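J.: Structure file target08.tsv (TSV, C-alpha atoms and all ligand atoms) right here:
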chain	number	residue	atom	x	y	z
A	1	MET	CA	80.84	71.78	125.54
A	2	SER	CA	80.05	68.25	124.47
A	3	SER	CA	79.98	67.12	120.86
A	4	THR	CA	76.20	66.63	120.81
A	5	ARG	CA	75.67	70.15	122.12
A	6	ASN	CA	77.95	71.50	119.35
A	7	LYS	CA	75.96	69.63	116.72
A	8	LEU	CA	72.79	71.28	118.04
A	9	ASN	CA	74.05	74.70	117.13
A	10	LYS	CA	74.34	73.98	113.41
A	11	LYS	CA	71.49	74.58	110.98
A	12	SER	CA	69.23	71.61	110.24
A	13	LYS	CA	69.51	70.18	106.73
A	14	LEU	CA	68.35	66.95	105.16
A	15	PRO	CA	70.35	65.26	102.38
A	16	PHE	CA	68.81	66.13	98.99
A	17	ASN	CA	68.38	62.51	97.93
A	18	VAL	CA	66.45	61.52	101.01
A	19	ASN	CA	63.19	60.52	99.33
A	20	ARG	CA	64.56	58.04	96.80
A	21	LYS	CA	66.93	56.39	99.25
A	22	SER	CA	64.31	56.29	101.95
A	23	ILE	CA	61.97	54.33	99.68
A	24	LEU	CA	64.61	51.60	99.22
A	25	GLY	CA	65.04	51.39	102.98
A	26	ILE	CA	61.31	51.05	103.53
A	27	LEU	CA	60.91	48.46	100.74
A	28	SER	CA	63.69	46.40	102.29
A	29	LEU	CA	61.92	46.52	105.66
A	30	ALA	CA	58.56	45.63	104.11
A	31	TYR	CA	60.14	42.62	102.36
A	32	GLN	CA	61.70	41.33	105.59
A	33	GLU	CA	58.41	41.84	107.46
A	34	PHE	CA	56.47	39.99	104.73
A	35	ILE	CA	58.78	36.95	104.84
A	36	ASP	CA	58.78	36.87	108.63
A	37	SER	CA	55.01	37.17	108.92
A	38	PHE	CA	54.53	34.45	106.26
A	39	LEU	CA	56.82	32.07	108.17
A	40	THR	CA	55.07	32.90	111.46
A	41	LYS	CA	51.57	32.46	110.04
A	42	THR	CA	52.45	29.13	108.42
A	43	LYS	CA	53.88	28.04	111.81
A	44	PHE	CA	57.42	27.59	110.48
A	45	LYS	CA	58.63	29.82	113.26
A	46	LYS	CA	57.51	31.64	116.38
A	47	PRO	CA	56.94	35.40	116.27
A	48	LYS	CA	60.34	37.07	116.17
A	49	GLU	CA	59.69	38.94	119.42
A	50	ILE	CA	59.16	35.62	121.25
A	51	GLU	CA	62.30	34.18	119.66
A	52	VAL	CA	64.28	37.16	120.96
A	53	LEU	CA	62.85	36.79	124.47
A	54	GLU	CA	63.73	33.09	124.52
A	55	LEU	CA	67.28	33.83	123.35
A	56	VAL	CA	67.63	36.45	126.08
A	57	ARG	CA	66.27	34.07	128.74
A	58	LYS	CA	68.70	31.38	127.62
A	59	ASN	CA	71.88	33.33	126.90
A	60	ALA	CA	71.87	36.73	128.62
A	61	ILE	CA	74.14	37.43	131.56
A	62	LYS	CA	71.99	38.67	134.47
A	63	ASN	CA	72.44	42.36	135.35
A	64	SER	CA	74.41	42.93	132.13
A	65	PRO	CA	72.58	45.38	129.79
A	66	GLU	CA	75.42	44.97	127.29
A	67	SER	CA	74.84	41.23	126.99
A	68	ILE	CA	71.11	41.68	126.28
A	69	LEU	CA	71.70	44.47	123.74
A	70	LYS	CA	74.22	42.24	121.98
A	71	ILE	CA	71.78	39.31	121.75
A	72	ILE	CA	69.08	41.62	120.32
A	73	ASP	CA	71.48	43.27	117.84
A	74	ASN	CA	72.83	39.89	116.67
A	75	TYR	CA	69.31	38.66	116.04
A	76	ALA	CA	68.41	41.79	114.03
A	77	TYR	CA	71.61	41.67	111.96
A	78	LYS	CA	71.66	37.93	111.33
A	79	LYS	CA	68.03	36.71	111.39
A	80	THR	CA	65.44	39.35	110.67
A	81	PHE	CA	64.78	43.05	111.14
A	82	LEU	CA	63.69	44.37	114.54
A	83	MET	CA	62.39	47.92	114.86
A	84	ASN	CA	64.80	48.92	117.66
A	85	ILE	CA	66.79	52.13	117.38
A	86	GLY	CA	69.81	49.85	116.75
A	87	ASP	CA	73.45	50.09	117.75
A	88	GLN	CA	74.60	53.19	115.79
A	89	LYS	CA	71.67	55.47	116.64
A	90	GLY	CA	71.49	53.87	120.09
A	91	GLU	CA	74.92	55.29	120.86
A	92	ILE	CA	73.81	58.74	119.68
A	93	LEU	CA	70.78	58.44	121.98
A	94	GLU	CA	72.96	57.47	124.93
A	95	GLU	CA	75.34	60.36	124.27
A	96	ALA	CA	72.38	62.78	124.14
A	97	ILE	CA	70.99	61.39	127.43
A	98	ARG	CA	74.37	61.93	129.10
A	99	ASP	CA	74.91	65.40	127.56
A	100	SER	CA	71.44	66.58	128.52
A	101	GLN	CA	71.95	65.57	132.18
A	102	ALA	CA	68.20	64.95	132.12
A	103	SER	CA	66.60	63.78	135.33
A	104	ASN	CA	63.06	63.07	134.13
A	105	ILE	CA	62.79	61.32	130.77
A	106	LEU	CA	59.77	60.26	128.71
A	107	GLU	CA	59.91	57.58	125.99
A	108	LEU	CA	57.17	57.08	123.40
A	109	GLY	CA	57.38	53.57	121.87
A	110	VAL	CA	59.19	50.74	123.70
A	111	TYR	CA	58.85	47.58	121.56
A	112	LEU	CA	61.26	45.05	123.17
A	113	GLY	CA	62.83	47.55	125.55
A	114	TYR	CA	66.05	47.99	123.58
A	115	SER	CA	66.16	51.82	123.66
A	116	THR	CA	64.70	51.73	127.18
A	117	ILE	CA	67.69	49.69	128.33
A	118	ARG	CA	70.10	52.10	126.64
A	119	ILE	CA	68.44	55.07	128.36
A	120	LEU	CA	68.21	53.42	131.79
A	121	ASN	CA	71.84	52.35	131.61
A	122	ASN	CA	72.86	56.03	131.48
A	123	LEU	CA	70.77	57.31	134.39
A	124	ASN	CA	72.06	58.15	137.82
A	125	ASP	CA	70.24	57.17	141.02
A	126	VAL	CA	68.00	60.24	141.11
A	127	SER	CA	66.99	60.24	137.42
A	128	LYS	CA	63.99	58.32	136.13
A	129	LEU	CA	62.35	57.18	132.92
A	130	THR	CA	58.66	56.83	132.08
A	131	SER	CA	57.92	54.80	128.94
A	132	ILE	CA	54.66	54.43	127.02
A	133	GLU	CA	53.91	51.34	124.90
A	134	ALA	CA	50.55	50.54	123.31
A	135	ASN	CA	51.11	46.83	122.65
A	136	GLU	CA	50.61	44.70	125.78
A	137	GLU	CA	52.67	41.76	124.53
A	138	PHE	CA	55.65	43.98	123.61
A	139	ALA	CA	55.36	45.71	126.99
A	140	ARG	CA	55.46	42.34	128.78
A	141	ILE	CA	58.59	41.28	126.86
A	142	ALA	CA	60.28	44.64	127.44
A	143	LYS	CA	59.58	44.45	131.18
A	144	GLU	CA	61.23	41.05	131.39
A	145	HIS	CA	64.27	42.23	129.39
A	146	ILE	CA	64.65	45.26	131.67
A	147	LYS	CA	64.32	43.09	134.78
A	148	ILE	CA	67.00	40.67	133.55
A	149	CYS	CA	69.28	43.71	133.02
A	150	GLY	CA	68.69	44.79	136.61
A	151	LEU	CA	67.45	48.20	135.45
A	152	SER	CA	63.82	48.22	136.65
A	153	LYS	CA	64.42	50.52	139.64
A	154	ASN	CA	64.18	53.93	137.93
A	155	HIS	CA	61.62	52.85	135.37
A	156	LEU	CA	57.86	53.17	135.00
A	157	LEU	CA	56.20	51.48	132.00
A	158	LYS	CA	52.71	52.67	131.12
A	159	VAL	CA	50.76	50.41	128.76
A	160	GLY	CA	48.35	52.19	126.44
A	161	LYS	CA	48.13	54.69	123.61
A	162	SER	CA	50.26	57.81	123.96
A	163	SER	CA	47.29	60.01	123.03
A	164	GLU	CA	45.38	58.66	126.05
A	165	ILE	CA	48.29	58.57	128.51
A	166	ILE	CA	49.99	61.93	127.75
A	167	PRO	CA	47.03	64.06	128.96
A	168	LYS	CA	47.12	62.17	132.29
A	169	LEU	CA	50.84	62.75	132.94
A	170	LYS	CA	51.48	65.05	135.89
A	171	GLU	CA	55.22	65.82	135.74
A	172	GLN	CA	57.39	67.87	133.40
A	173	TYR	CA	60.12	66.15	131.38
A	174	ASP	CA	63.57	67.40	130.40
A	175	PHE	CA	64.14	64.74	127.73
A	176	VAL	CA	61.59	63.11	125.41
A	177	PHE	CA	62.53	60.24	123.10
A	178	ILE	CA	59.97	59.87	120.29
A	179	ASP	CA	60.01	56.52	118.51
A	180	HIS	CA	56.45	55.21	118.20
A	181	TRP	CA	54.30	55.30	115.04
A	182	LYS	CA	55.70	57.86	112.67
A	183	ASP	CA	52.46	59.65	111.72
A	184	ILE	CA	51.81	60.74	115.31
A	185	TYR	CA	55.19	62.30	116.23
A	186	LEU	CA	53.94	65.83	115.59
A	187	LYS	CA	50.51	65.30	117.14
A	188	ASP	CA	52.06	63.94	120.34
A	189	LEU	CA	54.72	66.66	120.50
A	190	LYS	CA	51.94	69.25	120.32
A	191	LEU	CA	50.04	67.32	123.01
A	192	LEU	CA	53.09	67.46	125.28
A	193	GLU	CA	53.25	71.24	124.71
A	194	GLU	CA	49.52	71.70	125.26
A	195	PHE	CA	49.62	69.92	128.63
A	196	GLY	CA	52.74	71.83	129.72
A	197	LEU	CA	54.84	68.67	130.03
A	198	LEU	CA	58.08	70.02	128.51
A	199	LYS	CA	60.53	71.72	130.84
A	200	LYS	CA	62.27	74.83	129.53
A	201	GLY	CA	65.34	73.61	127.64
A	202	ALA	CA	63.95	70.06	127.27
A	203	TRP	CA	65.57	67.86	124.66
A	204	VAL	CA	63.26	66.19	122.14
A	205	PHE	CA	65.00	63.32	120.31
A	206	ALA	CA	63.10	61.92	117.29
A	207	ASP	CA	64.19	58.71	115.52
A	208	ASN	CA	63.70	57.69	111.86
A	209	VAL	CA	63.08	61.19	110.52
A	210	VAL	CA	64.66	60.33	107.15
A	211	LEU	CA	63.53	56.73	106.75
A	212	PHE	CA	59.90	57.79	107.05
A	213	ASN	CA	60.42	61.24	105.56
A	214	LEU	CA	58.79	63.04	108.49
A	215	GLU	CA	58.49	66.40	106.77
A	216	ASP	CA	55.62	67.75	108.85
A	217	TYR	CA	57.45	67.03	112.09
A	218	LEU	CA	60.74	68.43	110.78
A	219	ASP	CA	59.10	71.58	109.38
A	220	TYR	CA	57.53	72.21	112.74
A	221	VAL	CA	60.61	71.84	114.96
A	222	ARG	CA	62.83	73.67	112.46
A	223	THR	CA	60.60	76.67	111.89
A	224	SER	CA	58.93	77.09	115.28
A	225	PRO	CA	60.58	79.83	117.38
A	226	ASN	CA	60.06	77.52	120.36
A	227	TYR	CA	62.72	75.06	119.21
A	228	GLU	CA	66.36	75.01	118.24
A	229	SER	CA	66.80	71.91	116.13
A	230	LYS	CA	69.63	69.82	114.74
A	231	PHE	CA	69.64	66.91	112.29
A	232	ILE	CA	72.17	64.09	112.67
A	233	PRO	CA	72.49	61.86	109.58
A	234	THR	CA	72.86	58.13	110.24
A	235	LEU	CA	72.14	54.79	108.64
A	236	ARG	CA	68.86	53.00	109.23
A	237	GLU	CA	69.00	50.53	112.12
A	238	TYR	CA	70.65	47.25	111.09
A	239	SER	CA	71.45	48.47	107.57
A	240	LYS	CA	74.80	49.19	105.98
A	241	SER	CA	73.40	51.31	103.13
A	242	HIS	CA	69.97	52.84	103.80
A	243	PRO	CA	70.09	56.38	105.15
A	244	ASP	CA	68.20	57.57	108.18
A	245	GLY	CA	68.68	60.31	110.74
A	246	VAL	CA	67.65	61.65	114.09
A	247	GLU	CA	66.45	65.15	114.92
A	248	ILE	CA	67.39	66.62	118.28
A	249	SER	CA	65.40	69.71	119.22
A	250	ARG	CA	65.68	71.91	122.30
A	251	TYR	CA	62.49	73.47	123.67
A	252	ARG	CA	63.12	77.14	124.38
A	253	LEU	CA	59.93	78.23	126.16
B	301	LIG	C1	59.87	51.58	116.56
B	301	LIG	S1	59.13	50.73	117.87
B	301	LIG	C2	59.97	51.33	119.28
B	301	LIG	C3	61.40	50.90	119.33
B	301	LIG	C4	62.10	51.26	120.62
B	301	LIG	N1	62.03	52.68	120.88
B	301	LIG	C5	63.55	50.85	120.54
B	301	LIG	O1	64.33	51.60	119.91
B	301	LIG	O2	63.90	49.80	121.07
B	301	LIG	C6	57.58	51.52	117.97
B	301	LIG	C7	56.72	51.03	119.13
B	301	LIG	O3	55.73	52.03	119.36
B	301	LIG	C8	54.55	51.39	119.76
B	301	LIG	N2	53.46	52.34	119.49
B	301	LIG	C9	52.95	52.70	118.30
B	301	LIG	N3	52.01	53.64	118.44
B	301	LIG	C10	51.93	53.89	119.76
B	301	LIG	C11	51.15	54.78	120.54
B	301	LIG	N4	50.25	55.59	119.99
B	301	LIG	N5	51.34	54.79	121.87
B	301	LIG	C12	52.26	53.99	122.45
B	301	LIG	N6	53.03	53.13	121.76
B	301	LIG	C13	52.86	53.07	120.44
B	301	LIG	C14	54.50	50.12	118.91
B	301	LIG	O4	53.66	49.15	119.50
B	301	LIG	C15	55.97	49.73	118.88
B	301	LIG	O5	56.26	48.81	119.89
Would you mind writing the file's structure down as structure tokens?
Ligand SMILES: C[S@@+](CC[C@H](N)C(=O)[O-])C[C@H]1O[C@@H](n2cnc3c(N)ncnc32)[C@H](O)[C@@H]1O

T.:
Amino acid sequence: MSSTRNKLNKKSKLPFNVNRKSILGILSLAYQEFIDSFLTKTKFKKPKEIEVLELVRKNAIKNSPESILKIIDNYAYKKTFLMNIGDQKGEILEEAIRDSQASNILELGVYLGYSTIRILNNLNDVSKLTSIEANEEFARIAKEHIKICGLSKNHLLKVGKSSEIIPKLKEQYDFVFIDHWKDIYLKDLKLLEEFGLLKKGAWVFADNVVLFNLEDYLDYVRTSPNYESKFIPTLREYSKSHPDGVEISRYRL
């Protein structure tokens, strides 16, 4: 049995000091966002997402997902925060994708395509990923990043709000990665259940459950008889001190 599968069998538990530490993590993000948006509005710099795309266009090695991920990580560590899953949690996500042997994956929240690239890079020829992103500009950037990586083949990107797209989905998924706005994780998970889109045994991987203190979501997956759920503590993306964590839940129905 793989290490991720072993971790799933343990009982879920959040660290007791999650709230206080989470606030520091969020304040630090808010500060970085404030400075960046001030500099962008006063025309001292381009939007950070455009800066990343230009760096990728200029420096990435074609068909090398690793080179694009490195450029994006370097930018987020050295210049300003980017809301990608980041390198540490990104590796946990990749391990979970491999362990699950999922063939039909759904991603909620794409941003610049960072997690999308990590997922696609672990798929075999017959597996596929559908991603949903509400912001048209982010979707356009992500598409270009994914194309430069040479990973567009098994990928479908749907642009629009998850609440509008989920009810129109026709297939069942055996892995769902949830990483869009934090207040709709639970609503969208219930929507996926309601429309019968989760295969029996499906993995549901939720990011940022500590940083944003997602108690309603965690209560649900930990107490519902339909899920077996495991918390993995981590650091927040691109931080060396602020705690975060991911919750991996298996759908039993
Ligand atoms: C945290 S970012 C995603 C990061 C990405 N998963 C990664 O790790 O590289 C959240 C993204 O979700 C998108 N989003 C927010 N609410 C959404 C919704 N209801 N439907 C689809 N996308 C949404 C935002 O536009 C944003 O790009």

J.: Taking all atoms listed in the file into account, which residues are within 6 Å of ligand LIG 301 (chain B), as a list in words?

T.: Met83, Asn84, Ile85, Leu108, Gly109, Val110, Tyr111, Leu112, Gly113, Tyr114, Ser115, Ile132, Glu133, Ala134, Asn135, Gly160, Lys161, Ser162, Asp179, His180 and Trp181 of chain A

J.: If I take atom CA of A:Pro233 and atom CA of A:Val246, how far is one from the other in Å, to one decimal?

T.: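 Atom CA of A:Pro233 sits 6.6 Å away from atom CA of A:Val246.
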
J.: What lies within 9 Å of stretch 91-93 of chain A using only C-alpha atoms, ignoring chain neighbours under 5 positions off, as a VMD selection string?

T.: chain A and resid 4 85 to 86 98 115 118 to 119 177 205 232 246

J.: When distances are computed from all atoms listed in the file, which of A:Glu107, A:Glu247, A:Glu144, A:Glu66 shows the smallest separation from A:Ile165?

T.: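 Of A:Glu107, A:Glu247, A:Glu144, A:Glu66, the one nearest A:Ile165 is A:Glu107, counting all atoms listed in the file.
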
J.: Can you list, as a list in words, every protein, DNA or RNA residue that comes within 6 Å of stretch 226-229 of chain A when you count all atoms listed in the file, leaving out same-chain residues fewer than 4 positions away?

T.: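 Returned residues: Val221, Arg222, Ile248, Ser249, Arg250, Tyr251, Arg252 and Leu253 of chain A.
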
J.: Got a sec: who's within 8 Å of stretch 28-38 of chain A, counting only C-alpha atoms, leaving out chain neighbours fewer than 5 positions off, as an MDAnalysis selection string?

T.: chainID A and resid 47:48 80:81

J.: Write the residues of the preceding selection, restricted to C-alpha atoms, as a PDB file, keeping the file's coordinate frame.

T.:
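That gives us again04.pdb:
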ATOM      1  CA  PRO A  47      56.940  35.400 116.270  1.00  0.00           C
ATOM      2  CA  LYS A  48      60.340  37.070 116.170  1.00  0.00           C
ATOM      3  CA  THR A  80      65.440  39.350 110.670  1.00  0.00           C
ATOM      4  CA  PHE A  81      64.780  43.050 111.140  1.00  0.00           C
TER       5      PHE A  81
END
